[in-house]
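Input: a single structure, listed below in structure tokens.
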Amino acid sequence: MIELVIDARRRDLGGFEVGRVLPFAKRRMVGPFVFFDHMGPVEMPAGVPRSADVRPHLHIGLSTVTYLFSGEMRHQDSLGTDQQIRPGEVNWMTAGRGISHSERFDGLIREHGGLMNGIQAWVALPESMEEIAPAFAHHSGPSDLPYYETDGLKARLIAGEAFGAKAAVKTHSPMFYVHWELDAGATAGMPAEYPDRAAFLVSGAVEVEGFRYEAGHMLVFTPGDTVVFKALEPSVLMLLGGEPLGERHLYWNFVSSSLDRIEQAKADWKAGRIPLPPHDHDEFIPLPDDPPPPAPPSMS
């Protein structure tokens, strides 16, 4: 049964627009998912301006999961990671006690332009693991991300366990995250194995419980029976959820069960105590209430 429908709210991140879904005033989390942004879809021009990049910034107390339907991005972090991500792959970064990273359009998008379309979600860590060491993992291919195709449905398990399969991504609490593609007229069911469940409609239109829903909506379900989706046209959905973790506080890019820990992270970032990515350290994003850093020297 549908508990709530959340509309994506458009947000300009300084040259790149997203649809912000979570957190929402009436539903802060779905299982461990505490943040959910639909990046694009947007046609990027060749020579994308650097202002559209996401400069180095700090995360604590969570894992970020980046997944693309089209386009390409470059991830660099304070562990020294330098990793491109392309459609159907997963970048999973566990911030733990703190990691800084950047996300840039370096590569084919900057050189030639093209369609950018993807999801970035944040998964809160259990309270006992909020201060674990930061880590990064990149996953691709059916050996890491189980893939299934039948009767008008294509499905990829991005993280966690669902439908009798388990992804290779190292998660820290019971959860699931699935990419579905449905042909027009196809039906598929989301099982009831987790107490918190939701589906985000990336594109197309589906019928659930006799009602039509279109792109840009997240449907949040009550615990209970299998939910059946019927595609009214070719549709792409993301299924997500898991076991609830309890209340979390969010400030900027920080997630924690403790307000004091967030204050400490603010102080650490402001004082420059967090290292920047070793090959991307010439600029950074200040705290929202700080003045911007001085511009780098001109190369002209």
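Here, A, B, ... name the chains of the structure tokens in the order displayed, residue numbers run from 1 inside each chain, and ligands are numbered from 1 in the same displayed order.
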Enumerate the residues of region 11-185 of chain A with a DSSP assignment of helix (DSSP H, G or I), computed from the backbone, and present them as JSON, numbers by chain. {"A": [50, 51, 52, 108, 109, 110, 111, 112, 127, 128, 129]}
Show which residues sit within 7 Å of Gly61 (chain A), as a compact mmCIF listing (two decimals) with C-alpha atoms, in the first residue's frame. Count only C-alpha atoms, and ignore same-chain residues fewer than 5 positions away.
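The file below, selection30.txt, is the result:
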# COMPACT_ATOMS: atom_id res chain seq x y z
CA ALA A 95 32.98 8.34 4.40
CA GLY A 96 33.04 7.01 7.97
CA ARG A 97 35.04 9.41 10.10
CA ALA A 124 23.54 6.29 6.53
CA LEU A 125 25.91 4.10 8.53
CA GLU A 130 29.80 6.05 11.86
CA GLU A 131 33.51 6.51 12.67
CA PHE A 254 27.44 15.56 6.96
CA VAL A 255 25.24 12.78 8.38
CA SER A 256 25.44 11.73 12.02
Please extract the residues of region 88-252 of chain A with a backbone DSSP assignment of strand (DSSP E) and present them as an NGL selection string. :A and (90-94 or 99-104 or 114-124 or 135-139 or 147-150 or 153-162 or 165-166 or 175-182 or 187-190 or 196-203 or 205-208 or 211-214 or 217-221 or 227-231 or 235-242 or 249-251)
C-alpha atoms of the current selection, written as a tab-separated table (two decimals), in the first residue's frame:
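Result written to again-v6.tsv:
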chain	number	residue	atom	x	y	z
A	90	VAL	CA	28.67	1.79	-9.14
A	91	ASN	CA	30.95	4.11	-7.21
A	92	TRP	CA	30.51	3.36	-3.49
A	93	MET	CA	32.38	5.69	-1.13
A	94	THR	CA	32.21	5.09	2.62
A	99	ILE	CA	36.67	11.82	3.46
A	100	SER	CA	36.83	14.64	0.93
A	101	HIS	CA	36.11	14.13	-2.75
A	102	SER	CA	35.27	15.88	-6.00
A	103	GLU	CA	33.02	14.95	-8.91
A	104	ARG	CA	33.95	16.43	-12.25
A	114	GLY	CA	26.37	14.47	-24.14
A	115	LEU	CA	23.44	13.45	-21.96
A	116	MET	CA	24.04	13.23	-18.20
A	117	ASN	CA	21.50	11.21	-16.26
A	118	GLY	CA	22.04	9.38	-12.99
A	119	ILE	CA	21.32	9.04	-9.29
A	120	GLN	CA	23.39	9.89	-6.26
A	121	ALA	CA	22.12	8.46	-3.00
A	122	TRP	CA	23.51	8.59	0.51
A	123	VAL	CA	23.21	5.59	2.81
A	124	ALA	CA	23.54	6.29	6.53
A	135	ALA	CA	37.01	3.56	1.88
A	136	PHE	CA	36.15	3.56	-1.81
A	137	ALA	CA	35.07	0.77	-4.17
A	138	HIS	CA	34.15	0.66	-7.85
A	139	HIS	CA	31.93	-2.13	-9.19
A	147	TYR	CA	21.67	-8.85	-13.75
A	148	TYR	CA	18.39	-10.47	-14.75
A	149	GLU	CA	16.27	-10.20	-17.89
A	150	THR	CA	12.87	-11.74	-18.66
A	153	LEU	CA	11.95	-6.65	-17.48
A	154	LYS	CA	15.66	-5.90	-17.15
A	155	ALA	CA	16.92	-5.74	-13.56
A	156	ARG	CA	20.30	-4.96	-12.00
A	157	LEU	CA	21.01	-5.29	-8.27
A	158	ILE	CA	23.18	-2.30	-7.37
A	159	ALA	CA	23.68	-2.97	-3.65
A	160	GLY	CA	22.43	-5.17	-0.86
A	161	GLU	CA	20.24	-8.25	-1.22
A	162	ALA	CA	16.96	-8.73	-3.10
A	165	ALA	CA	20.64	-12.25	-5.21
A	166	LYS	CA	23.41	-10.35	-3.43
A	175	MET	CA	19.24	-2.93	2.45
A	176	PHE	CA	18.45	-3.23	-1.24
A	177	TYR	CA	18.94	-0.99	-4.28
A	178	VAL	CA	17.75	-2.12	-7.71
A	179	HIS	CA	17.60	-0.67	-11.25
A	180	TRP	CA	14.56	-1.79	-13.29
A	181	GLU	CA	13.79	-1.23	-16.97
A	182	LEU	CA	10.25	-2.22	-18.00
A	187	THR	CA	4.50	-6.12	-14.93
A	188	ALA	CA	6.86	-6.81	-12.05
A	189	GLY	CA	6.58	-7.17	-8.29
A	190	MET	CA	8.64	-5.74	-5.45
A	196	ASP	CA	10.98	0.23	4.43
A	197	ARG	CA	10.50	0.24	0.65
A	198	ALA	CA	10.23	2.88	-2.05
A	199	ALA	CA	10.41	3.20	-5.82
A	200	PHE	CA	11.58	6.25	-7.78
A	201	LEU	CA	10.31	6.62	-11.34
A	202	VAL	CA	13.23	7.90	-13.43
A	203	SER	CA	11.33	7.93	-16.73
A	205	ALA	CA	4.82	5.95	-16.43
A	206	VAL	CA	3.56	3.06	-14.30
A	207	GLU	CA	0.33	1.92	-12.72
A	208	VAL	CA	0.35	0.96	-9.04
A	211	PHE	CA	-3.29	4.85	-10.19
A	212	ARG	CA	-0.90	6.29	-12.79
A	213	TYR	CA	2.45	7.75	-11.72
A	214	GLU	CA	4.96	9.52	-13.95
A	217	HIS	CA	7.83	10.69	-8.27
A	218	MET	CA	9.01	8.49	-5.40
A	219	LEU	CA	6.39	6.10	-4.07
A	220	VAL	CA	6.93	5.09	-0.43
A	221	PHE	CA	5.16	1.90	0.65
A	227	VAL	CA	3.81	-4.30	-4.72
A	228	VAL	CA	2.95	-4.86	-8.39
A	229	PHE	CA	4.01	-2.33	-11.05
A	230	LYS	CA	2.59	-2.23	-14.57
A	231	ALA	CA	4.48	-0.15	-17.12
A	235	SER	CA	9.85	2.95	-17.86
A	236	VAL	CA	12.93	3.07	-15.66
A	237	LEU	CA	12.63	2.72	-11.88
A	238	MET	CA	14.95	2.56	-8.90
A	239	LEU	CA	13.81	0.37	-6.00
A	240	LEU	CA	15.31	1.08	-2.58
A	241	GLY	CA	14.91	0.46	1.11
A	242	GLY	CA	15.95	-1.76	3.98
A	249	HIS	CA	20.98	14.68	11.62
A	250	LEU	CA	21.97	16.25	8.31
A	251	TYR	CA	23.99	19.38	7.78
If you count only C-alpha atoms, which residues fall within 12 Å of Trp252 (chain A), apart from same-chain ones fewer than 2 positions away, as a PyMOL selection string? chain A and resi 23+35+57-60+249-250+254-256+262-263+265-266+269+285-289
